[in-house]
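So the structure is just underneath, and the comments pick up after that.
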Amino acid sequence: MSGFTGTRQALLFALKRDRVIIPVWLVGLIGWMAMYVVSYSGLYGTQAELDALYKSVAGNPAVEAMSGPTGGLRSLGGAIAWDSTPALSIICAVYAMFSVIRHSRAEEEDARTDLLLASGAGRLAPLAAALIVTSIVLALAAIGFSLVLVIGGLAAAPSILLALGITGFALVIASTTAVFAQVTTKARAARGLVGVVIGVSWLMRAIGDTSGGTLTWLSPLGWVQETRAFWGDRWWPLLLMVLATAVTVRLSFWLLSRRDIGSGLIQPRPGPAHASASILHPLGFSFRIQRATILGWTAMLCVYGLAIGTIGDNIEGILESSSAFSEAFASLSSNLLDSYFASILTVIALLGAGFTISAVLRPAAEENRDRVALLLAEPLGKVRWVAGHVLIAWIASALMIAAAGLAIGIGLGLVSGDFSQAPTLFASGFVQAPAMWLTGSLALLLFGISSRLTPIAWGLLAVFVLIWTLASFGNLPDWVVDLSPFSHTPAAPAVSVSPEPLAVMTGIAVLLTAMGLFLWRRRDLA
Amino acid sequence: MSAVIEVSGLVKNFGQTRALDGLDLKVEKGQVHGFLGPNGSGKSTTIRILLGLIRASGGEALLFGEDPWRNAVGLHRRLAYVPGDVNLWPNLTGGETIDMLGSLRGGLDPKRKQELVERFELDLTKKAAAYSKGNRQKVALIAALATDAELFIFDEPTSGLDPLKEAVFQDCVREIIGRGDTILLSSHILRQLEHLADTFTIIRRGATVETGTLHDLRQIARSAGRDPDSMSLEDLFLSIYRQ
Ligand SMILES: Nc1ncnc2c1ncn2[C@@H]1O[C@H](COP(=O)(O)OP(=O)(O)OP(=O)(O)O)[C@@H](O)[C@H]1O
Ligand SMILES: [Mg+2]
């Protein structure tokens, strides 16, 4: 009897469960691509405008570290491909990760897989269904991307290549997720590990793209860029993705057919029989719950900062030798490298805001899993419990972004031998914190209304990321740019920090948090 | 007649924890077999091995003479299972869930399903998130009882049911036995077991302590110097367990 028995039913069932999520995601993803097409067509309608764009950024290592090789910028399609590739690849990959975990490990963690298997499904069926349902969504996204590009007036073949590259990366991440879903017992841990894989893919190509290219080829995200849609049209890197997918899918099924349902490859070890004093306080207990996430995110952001710091030294040289870049950055500051670091810190803060949201929303996760009643049946105030999590989220966010700034300074010092920048970069990290807090407070407000609304917080963060990407090309109206808190953060260390925007953002964040707590106090537990 | 369930010397380690330590269990066709033991003694672990969800670290577990780890799907067509903690998919209704689970074995008899829904008084149109614990359990019970399985494995199937539904469950058990099918019933409700089960296996720390009919268990108590005839299963369980 095959382990795949029942895959068809499991697949139909998964589609049914996702009947709302899938259309929403598809509209969001395809709409995002449409925004690139519309805004680039509007801004760079003539070849002269494109040439000007090319001259201003091509070969700029700071820009290449962020968004990849700039060789295609002389054509409209190349410019769109260049700007959309990193953002959309990562967003699609994140979707793929959530989708695979949701239908495999998360089901197992809640013991629903037992029920399914005992009813006659093969043990491989749930994972197979998870991979198929994810692939279907990615295929639809690829079709949508291609259509949007072609309707926007671009050539068909490179449009399809770009669409397949972006979704192909997500497919590699989907199958990688399938492997991690076999390794850990907890869905959250599996998602964390895949997040690291996505982060490392991005980082390796960032380093690769600014230092000769070898590392780029070790990163699946690098493969997407190396398809060079609209300026070389190489199809063969897609083969690498197919290969990587095939290998990881095989591996995941091999692991699944060998392990216990409900367990990972790593068995939980026995722990202490008595609670250490540190978790006997509600705040200590909340910190314990959040600890692993905090450490994981801090490590990831610091590694990223360190890597950026180590390539900072050669970036400075290139920036100074090129008059075009000097002009581009001169408006911002006298020191080119400082403006570069300021924009990197914004990127880290946008990433870190993902942590802030998930940490602030930790009570929602507890609520959704029915554990909160156990806790709140004790004499522990509702508001106090959530406020504790918020406090932890805020402190950890600020320390995390400052540590990442420090890591940039240390990376720079390791290469140049001059560590004098480190304290300034450490302080500049703190400057980013209020925008992260504000993002987190929006999430808490949603939680106060209902924990079912909390996914919207992630949508808001996606909007902030989108605003940041498009704003860096100056092609958004000011009022749209102003919607994102990250637009109001002073560009430290490049400019001297004025305290007003920071104070205002912190004030709004405190206010929204208070409102969220107030609403939470008055509402029912789910 | 061959045994439906035959477990001997079963061992299961979870990392450093030894959950099963040489457990024996034999269930003949047509029996209701009571499976008892204190919390954490390994009942659910044994059942999950019998379902082929986890793999034994040692010993042997056979279902209809076959290895459940290697032929889980084939064996699952012949059995139905109800867990004690029923977690359902929050955005699906009970009706959708029952149908989905039934579709995996090629669909349920709609008449039988309808009859069970009425007897258990379950509202099929509610989303799982809106069910109480007992109602979630009814969803799993109906999905299992509406099948034509030959073996029913129940792991504390009624821990959330009210007394009326508990009585319905007992009737269902008798009907299953009337058809000549087999039941493995793990429960902490000893009065329920005493009424329903023909034979018992009592386990402790992952190993079998006693096995047999109520009469056999009384003999053991007699040899321990107690007056057994007046003893209920509860008294027997406690006396055996305390030894
Ligand atoms: N996945 C697992 N990982 C580690 N240990 C486990 C796992 N599942 C069960 N155990 C351990 O195995 C032992 C037996 O557990 P099991 O759930 O089988 O007990 P039980 O007899 O069903 O108890 P109860 O009456 O409370 O339901 C326990 O010590 C438990 O902690
Ligand atoms: Mg149990």
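Just so we're on the same page: first chain in the structure tokens is A, next is B, and so on; residues restart at 1 for each chain, and ligands are numbered from 1 in the order they show up.
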
* To do: Within 8 Å of ligand 1, which residues show up when you count only C-alpha atoms and all ligand atoms? List them as a PyMOL selection string, please.
  => (chain A and resi 262-263+267-268) or (chain B and resi 13-15+17-20+36-47+84+155-156+187-188+205-206)

Go ahead and save the picked residues with N, CA and C atoms, as a tab-separated table (two decimals), in the first residue's frame.
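Output file out07.tsv is given in full below:
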chain	number	residue	atom	x	y	z
A	262	GLY	N	4.42	12.98	14.69
A	262	GLY	CA	4.33	13.76	15.92
A	262	GLY	C	5.69	14.11	16.48
A	263	SER	N	6.74	13.44	16.04
A	263	SER	CA	8.08	13.76	16.51
A	263	SER	C	8.90	14.36	15.37
A	267	GLN	N	14.81	14.76	19.39
A	267	GLN	CA	13.89	14.46	20.48
A	267	GLN	C	14.06	15.49	21.60
A	268	PRO	N	12.95	15.91	22.19
A	268	PRO	CA	13.08	16.83	23.31
A	268	PRO	C	13.75	16.12	24.48
B	13	ASN	N	11.26	4.15	23.05
B	13	ASN	CA	12.04	5.22	23.68
B	13	ASN	C	11.78	6.53	22.95
B	14	PHE	N	11.57	7.58	23.73
B	14	PHE	CA	11.55	8.93	23.15
B	14	PHE	C	12.81	9.60	23.65
B	15	GLY	N	13.85	9.63	22.82
B	15	GLY	CA	15.11	10.16	23.32
B	15	GLY	C	15.52	9.36	24.55
B	17	THR	N	13.68	9.12	27.31
B	17	THR	CA	12.51	8.64	28.06
B	17	THR	C	12.11	7.27	27.54
B	18	ARG	N	11.94	6.31	28.45
B	18	ARG	CA	11.43	5.00	28.03
B	18	ARG	C	9.93	4.97	28.32
B	19	ALA	N	9.13	5.09	27.27
B	19	ALA	CA	7.69	5.16	27.44
B	19	ALA	C	7.08	3.77	27.55
B	20	LEU	N	7.60	2.81	26.79
B	20	LEU	CA	7.13	1.43	26.87
B	20	LEU	C	8.32	0.54	27.16
B	36	LEU	N	-6.10	-0.35	30.64
B	36	LEU	CA	-6.05	0.55	31.80
B	36	LEU	C	-4.62	0.80	32.25
B	37	GLY	N	-4.44	1.92	32.88
B	37	GLY	CA	-3.15	2.22	33.49
B	37	GLY	C	-3.14	3.66	33.93
B	38	PRO	N	-2.26	3.98	34.88
B	38	PRO	CA	-2.19	5.36	35.36
B	38	PRO	C	-1.75	6.32	34.25
B	39	ASN	N	-1.85	7.60	34.52
B	39	ASN	CA	-1.40	8.61	33.56
B	39	ASN	C	0.05	8.41	33.20
B	40	GLY	N	0.34	8.51	31.92
B	40	GLY	CA	1.73	8.41	31.48
B	40	GLY	C	2.26	7.00	31.46
B	41	SER	N	1.37	5.99	31.64
B	41	SER	CA	1.88	4.62	31.69
B	41	SER	C	2.14	4.06	30.29
B	42	GLY	N	1.63	4.72	29.25
B	42	GLY	CA	1.97	4.27	27.90
B	42	GLY	C	0.80	3.78	27.06
B	43	LYS	N	-0.42	4.06	27.49
B	43	LYS	CA	-1.59	3.59	26.71
B	43	LYS	C	-1.64	4.26	25.34
B	44	SER	N	-1.56	5.59	25.36
B	44	SER	CA	-1.65	6.29	24.08
B	44	SER	C	-0.46	5.96	23.20
B	45	THR	N	0.69	5.79	23.79
B	45	THR	CA	1.88	5.43	23.01
B	45	THR	C	1.68	4.08	22.33
B	46	THR	N	1.16	3.11	23.09
B	46	THR	CA	0.88	1.79	22.50
B	46	THR	C	-0.07	1.94	21.32
B	47	ILE	N	-1.11	2.72	21.53
B	47	ILE	CA	-2.12	2.88	20.48
B	47	ILE	C	-1.52	3.54	19.25
B	84	GLY	N	-8.51	10.94	22.51
B	84	GLY	CA	-9.13	11.59	23.65
B	84	GLY	C	-9.17	13.10	23.50
B	155	ASP	N	-9.27	5.79	22.44
B	155	ASP	CA	-8.38	6.25	23.49
B	155	ASP	C	-9.10	7.32	24.31
B	156	GLU	N	-9.65	6.93	25.42
B	156	GLU	CA	-10.49	7.83	26.23
B	156	GLU	C	-11.51	8.57	25.37
B	187	SER	N	-9.50	3.70	28.84
B	187	SER	CA	-10.35	4.65	29.55
B	187	SER	C	-9.96	4.74	31.01
B	188	HIS	N	-10.25	5.87	31.61
B	188	HIS	CA	-10.09	6.01	33.06
B	188	HIS	C	-11.43	5.87	33.76
B	205	ARG	N	3.92	1.88	34.06
B	205	ARG	CA	5.27	2.27	33.60
B	205	ARG	C	5.69	1.51	32.34
B	206	GLY	N	4.77	1.42	31.40
B	206	GLY	CA	5.13	0.87	30.10
B	206	GLY	C	5.18	-0.64	30.03

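Secondary structure by DSSP on the backbone puts the following residues of segment 91-191 of chain B in strand (DSSP E or B): Thr93, Lys127, Leu151, Phe152, Ile153, Phe154, Asp155, Thr182, Ile183, Leu184, Leu185 and Ser186 of chain B.
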
Export of prior selection with N, CA and C atoms as an mmCIF file, in the first residue's frame:
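Below you can see part_20.cif, which holds the result:
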data_model
loop_
_atom_site.group_PDB
_atom_site.id
_atom_site.type_symbol
_atom_site.label_atom_id
_atom_site.label_comp_id
_atom_site.auth_asym_id
_atom_site.auth_seq_id
_atom_site.Cartn_x
_atom_site.Cartn_y
_atom_site.Cartn_z
ATOM 1 N N THR B 93 -16.573 23.029 9.352
ATOM 2 C CA THR B 93 -17.667 22.587 10.213
ATOM 3 C C THR B 93 -17.484 21.120 10.571
ATOM 4 N N LYS B 127 -18.727 25.547 13.031
ATOM 5 C CA LYS B 127 -17.292 25.479 12.794
ATOM 6 C C LYS B 127 -16.617 24.849 14.011
ATOM 7 N N LEU B 151 -12.160 -3.220 13.448
ATOM 8 C CA LEU B 151 -11.533 -2.966 14.745
ATOM 9 C C LEU B 151 -11.691 -1.497 15.076
ATOM 10 N N PHE B 152 -12.121 -1.223 16.306
ATOM 11 C CA PHE B 152 -12.258 0.156 16.763
ATOM 12 C C PHE B 152 -11.271 0.399 17.894
ATOM 13 N N ILE B 153 -10.447 1.433 17.737
ATOM 14 C CA ILE B 153 -9.491 1.757 18.789
ATOM 15 C C ILE B 153 -9.915 3.079 19.413
ATOM 16 N N PHE B 154 -10.282 3.021 20.665
ATOM 17 C CA PHE B 154 -10.777 4.196 21.371
ATOM 18 C C PHE B 154 -9.808 4.569 22.482
ATOM 19 N N ASP B 155 -9.274 5.788 22.441
ATOM 20 C CA ASP B 155 -8.376 6.251 23.494
ATOM 21 C C ASP B 155 -9.102 7.321 24.310
ATOM 22 N N THR B 182 -14.386 -5.899 16.783
ATOM 23 C CA THR B 182 -13.507 -5.897 17.947
ATOM 24 C C THR B 182 -13.244 -4.467 18.417
ATOM 25 N N ILE B 183 -13.039 -4.312 19.733
ATOM 26 C CA ILE B 183 -12.793 -2.970 20.276
ATOM 27 C C ILE B 183 -11.632 -3.003 21.268
ATOM 28 N N LEU B 184 -10.719 -2.054 21.108
ATOM 29 C CA LEU B 184 -9.725 -1.796 22.152
ATOM 30 C C LEU B 184 -10.116 -0.467 22.781
ATOM 31 N N LEU B 185 -10.403 -0.497 24.077
ATOM 32 C CA LEU B 185 -10.952 0.683 24.733
ATOM 33 C C LEU B 185 -10.063 1.087 25.898
ATOM 34 N N SER B 186 -9.388 2.220 25.737
ATOM 35 C CA SER B 186 -8.582 2.737 26.836
ATOM 36 C C SER B 186 -9.399 3.805 27.533
#

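In chain A, the set of residues within 7 Å of chain B (atoms considered: only C-alpha atoms) is A:Met1, A:Gly6, A:Gln9, A:Asp110, A:Ala111, A:Arg112, A:Leu116, A:Ala118, A:Ser119, A:Gly120, A:Ala121, A:Gly122, A:Asp260, A:Ile261, A:Gln267, A:Pro268, A:Arg269.
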
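Distances here use only C-alpha atoms; by that measure, the residue among B:Leu217, B:Met231, B:Val32, B:Ala128 closest to Gln192 of chain B is B:Val32.
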
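Near Leu236 of chain B, within a cut-off of 12 Å and counting only C-alpha atoms, sit the residues B:Leu36, B:Leu190, B:Arg191, B:Glu194, B:Phe200, B:Ile202, B:Glu210, B:Thr213, B:Leu214, B:His215, B:Asp216, B:Leu217, B:Arg218, B:Gln219, B:Ile220, B:Ala221, B:Arg222, B:Ala224, B:Arg226, B:Asp227, B:Pro228, B:Asp229, B:Ser230, B:Met231, B:Ser232, B:Ile240, B:Tyr241, B:Arg242, B:Gln243, with same-chain residues fewer than 4 positions away left out.
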
Go ahead and dump the residues you just picked, N, CA and C atoms, as a compact mmCIF listing (two decimals), in the first residue's frame.
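Saved the output as again.txt:
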# COMPACT_ATOMS: atom_id res chain seq x y z
N LEU B 36 -6.10 -0.35 30.64
CA LEU B 36 -6.05 0.55 31.80
C LEU B 36 -4.62 0.80 32.25
N LEU B 190 -13.71 3.64 35.07
CA LEU B 190 -13.65 2.20 35.30
C LEU B 190 -15.03 1.56 35.32
N ARG B 191 -16.04 2.32 35.76
CA ARG B 191 -17.39 1.75 35.76
C ARG B 191 -17.87 1.50 34.33
N GLU B 194 -16.06 -1.61 33.21
CA GLU B 194 -16.58 -2.81 33.87
C GLU B 194 -17.84 -3.30 33.16
N PHE B 200 -9.35 -7.51 30.12
CA PHE B 200 -8.66 -6.30 30.53
C PHE B 200 -7.15 -6.50 30.46
N ILE B 202 -4.00 -4.39 32.31
CA ILE B 202 -3.60 -3.28 33.18
C ILE B 202 -2.11 -3.07 33.02
N GLU B 210 -1.19 -6.94 34.68
CA GLU B 210 -2.12 -8.06 34.70
C GLU B 210 -2.90 -8.07 33.41
N THR B 213 -9.82 -11.78 32.25
CA THR B 213 -11.20 -11.36 32.47
C THR B 213 -11.33 -10.82 33.89
N LEU B 214 -12.49 -10.23 34.17
CA LEU B 214 -12.72 -9.74 35.52
C LEU B 214 -12.56 -10.89 36.52
N HIS B 215 -13.03 -12.08 36.11
CA HIS B 215 -12.91 -13.25 36.96
C HIS B 215 -11.43 -13.57 37.25
N ASP B 216 -10.61 -13.51 36.18
CA ASP B 216 -9.17 -13.78 36.38
C ASP B 216 -8.56 -12.78 37.34
N LEU B 217 -8.94 -11.52 37.14
CA LEU B 217 -8.35 -10.47 37.98
C LEU B 217 -8.75 -10.70 39.44
N ARG B 218 -9.97 -11.20 39.63
CA ARG B 218 -10.42 -11.46 41.02
C ARG B 218 -9.62 -12.58 41.65
N GLN B 219 -9.26 -13.57 40.82
CA GLN B 219 -8.44 -14.67 41.35
C GLN B 219 -7.11 -14.13 41.86
N ILE B 220 -6.56 -13.19 41.09
CA ILE B 220 -5.28 -12.63 41.49
C ILE B 220 -5.43 -11.89 42.82
N ALA B 221 -6.55 -11.15 42.93
CA ALA B 221 -6.79 -10.42 44.17
C ALA B 221 -6.97 -11.39 45.33
N ARG B 222 -7.65 -12.53 45.03
CA ARG B 222 -7.86 -13.53 46.09
C ARG B 222 -6.53 -14.02 46.64
N ALA B 224 -3.99 -12.47 46.78
CA ALA B 224 -3.37 -11.43 47.58
C ALA B 224 -4.07 -11.29 48.92
N ARG B 226 -7.42 -10.80 49.65
CA ARG B 226 -8.58 -9.92 49.84
C ARG B 226 -9.85 -10.70 49.52
N ASP B 227 -10.98 -10.19 49.93
CA ASP B 227 -12.24 -10.81 49.54
C ASP B 227 -12.65 -10.23 48.19
N PRO B 228 -12.52 -11.02 47.14
CA PRO B 228 -12.60 -10.46 45.81
C PRO B 228 -14.02 -10.32 45.27
N ASP B 229 -14.96 -11.17 45.71
CA ASP B 229 -16.22 -11.22 44.99
C ASP B 229 -16.98 -9.91 45.07
N SER B 230 -16.75 -9.20 46.14
CA SER B 230 -17.46 -7.94 46.29
C SER B 230 -16.72 -6.79 45.60
N MET B 231 -15.54 -7.09 45.05
CA MET B 231 -14.72 -5.99 44.54
C MET B 231 -15.15 -5.55 43.15
N SER B 232 -15.23 -4.26 42.97
CA SER B 232 -15.50 -3.72 41.64
C SER B 232 -14.17 -3.64 40.88
N ILE B 240 -4.45 -3.84 42.62
CA ILE B 240 -3.35 -4.35 41.79
C ILE B 240 -2.30 -3.26 41.61
N TYR B 241 -2.78 -2.07 41.39
CA TYR B 241 -1.85 -0.99 41.13
C TYR B 241 -0.99 -0.68 42.35
N ARG B 242 -1.60 -0.85 43.54
CA ARG B 242 -0.84 -0.48 44.75
C ARG B 242 0.18 -1.54 45.14
N GLN B 243 0.03 -2.73 44.58
CA GLN B 243 0.94 -3.82 44.98
C GLN B 243 2.39 -3.49 44.66

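The interatomic distance for the pair atom CA of Ser84 of chain A and atom CA of His488 of chain A works out to 24.1 Å.
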
* Using only C-alpha atoms, determine which residues lie at most 8 Å from Glu60 of chain B, disregarding the query and same-chain residues fewer than 4 positions distant; provide the list as a ChimeraX atom specification. => /B:6-10,56

Go ahead and write the selection's residues with C-alpha atoms as an mmCIF file, in the first residue's frame.
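The result, written out as result16.cif:
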data_model
loop_
_atom_site.group_PDB
_atom_site.id
_atom_site.type_symbol
_atom_site.label_atom_id
_atom_site.label_comp_id
_atom_site.auth_asym_id
_atom_site.auth_seq_id
_atom_site.Cartn_x
_atom_site.Cartn_y
_atom_site.Cartn_z
ATOM 1 C CA GLU B 6 -0.960 -9.074 19.253
ATOM 2 C CA VAL B 7 1.712 -7.105 21.066
ATOM 3 C CA SER B 8 4.677 -8.676 22.769
ATOM 4 C CA GLY B 9 7.652 -7.177 24.547
ATOM 5 C CA LEU B 10 6.930 -3.768 23.059
ATOM 6 C CA ALA B 56 8.404 0.653 18.027
#

12 Å contact set for Val168 of chain B, only C-alpha atoms, chain neighbours under 6 positions out, as a short mmCIF file (atom, residue, chain, number, x, y, z; two decimals) with N, CA, C and O atoms, in the first residue's frame:
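Contents of the output file around23.cif:
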data_model
loop_
_atom_site.label_atom_id
_atom_site.label_comp_id
_atom_site.auth_asym_id
_atom_site.auth_seq_id
_atom_site.Cartn_x
_atom_site.Cartn_y
_atom_site.Cartn_z
N GLU B 115 -28.02 8.75 11.26
CA GLU B 115 -28.57 8.16 12.47
C GLU B 115 -27.71 8.50 13.69
O GLU B 115 -28.21 8.87 14.74
N LEU B 116 -26.39 8.41 13.51
CA LEU B 116 -25.49 8.71 14.61
C LEU B 116 -25.57 10.19 14.99
O LEU B 116 -25.53 10.54 16.18
N VAL B 117 -25.66 11.04 13.97
CA VAL B 117 -25.75 12.48 14.25
C VAL B 117 -26.97 12.75 15.12
O VAL B 117 -26.92 13.52 16.08
N GLU B 118 -28.07 12.07 14.80
CA GLU B 118 -29.28 12.28 15.60
C GLU B 118 -29.12 11.73 17.01
O GLU B 118 -29.49 12.37 17.99
N ARG B 119 -28.53 10.55 17.09
CA ARG B 119 -28.40 9.96 18.44
C ARG B 119 -27.48 10.79 19.32
O ARG B 119 -27.73 10.97 20.50
N PHE B 120 -26.41 11.29 18.72
CA PHE B 120 -25.47 12.08 19.54
C PHE B 120 -25.87 13.55 19.61
O PHE B 120 -25.22 14.34 20.29
N GLU B 121 -26.89 13.93 18.87
CA GLU B 121 -27.38 15.31 18.87
C GLU B 121 -26.26 16.30 18.57
O GLU B 121 -26.00 17.22 19.34
N LYS B 138 -17.51 14.30 19.74
CA LYS B 138 -18.60 13.65 19.00
C LYS B 138 -18.28 13.61 17.51
O LYS B 138 -18.61 12.63 16.84
N LEU B 141 -16.09 10.77 17.07
CA LEU B 141 -16.81 9.52 17.34
C LEU B 141 -17.71 9.15 16.16
O LEU B 141 -17.73 8.00 15.72
N ILE B 142 -18.45 10.12 15.65
CA ILE B 142 -19.36 9.82 14.54
C ILE B 142 -18.56 9.41 13.32
O ILE B 142 -18.91 8.43 12.64
N LEU B 145 -17.59 5.79 14.13
CA LEU B 145 -18.67 4.81 14.29
C LEU B 145 -19.45 4.59 13.00
O LEU B 145 -20.07 3.56 12.80
N THR B 158 -14.64 9.12 25.59
CA THR B 158 -15.82 9.79 26.13
C THR B 158 -15.47 10.75 27.24
O THR B 158 -16.32 11.15 28.02
N LEU B 161 -17.89 13.63 27.22
CA LEU B 161 -19.32 13.46 26.93
C LEU B 161 -20.19 13.57 28.17
O LEU B 161 -19.79 13.16 29.26
N ASP B 162 -21.40 14.06 27.99
CA ASP B 162 -22.35 14.09 29.10
C ASP B 162 -22.90 12.68 29.30
O ASP B 162 -22.75 11.82 28.43
N ARG B 174 -22.08 -1.89 22.05
CA ARG B 174 -22.77 -3.19 22.02
C ARG B 174 -23.15 -3.57 20.59
O ARG B 174 -23.09 -4.74 20.21
N GLU B 175 -23.53 -2.58 19.79
CA GLU B 175 -23.87 -2.88 18.39
C GLU B 175 -22.65 -3.39 17.62
O GLU B 175 -22.75 -4.30 16.81
#

* To do: Would you mind listing what lies within 10 Å of segment 462-469 of chain A as a PyMOL selection string, with only C-alpha atoms counted and same-chain residues fewer than 5 positions away left out?
  => chain A and resi 32+35-36+67+83-84+87+91+343+346-347+350-351+354+439+456-457+474-476+480-487

* Using backbone DSSP assignments, extract all helix (DSSP H, G or I) residues from segment 201-397 of chain A; output them as a PyMOL selection string. => chain A and resi 201-210+215-218+220-226+237-256+277-279+282-321+323-330+336-360+362-368+372-376+382-397

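Atom CA of Leu161 of chain A sits 22.5 Å away from atom CA of Ala65 of chain A.
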
* Asked: When distances are computed from only C-alpha atoms, which of A:Thr489, A:Gln47, A:Ser89, A:Thr7 shows the smallest separation from Val224 of chain A?
  -> A:Ser89
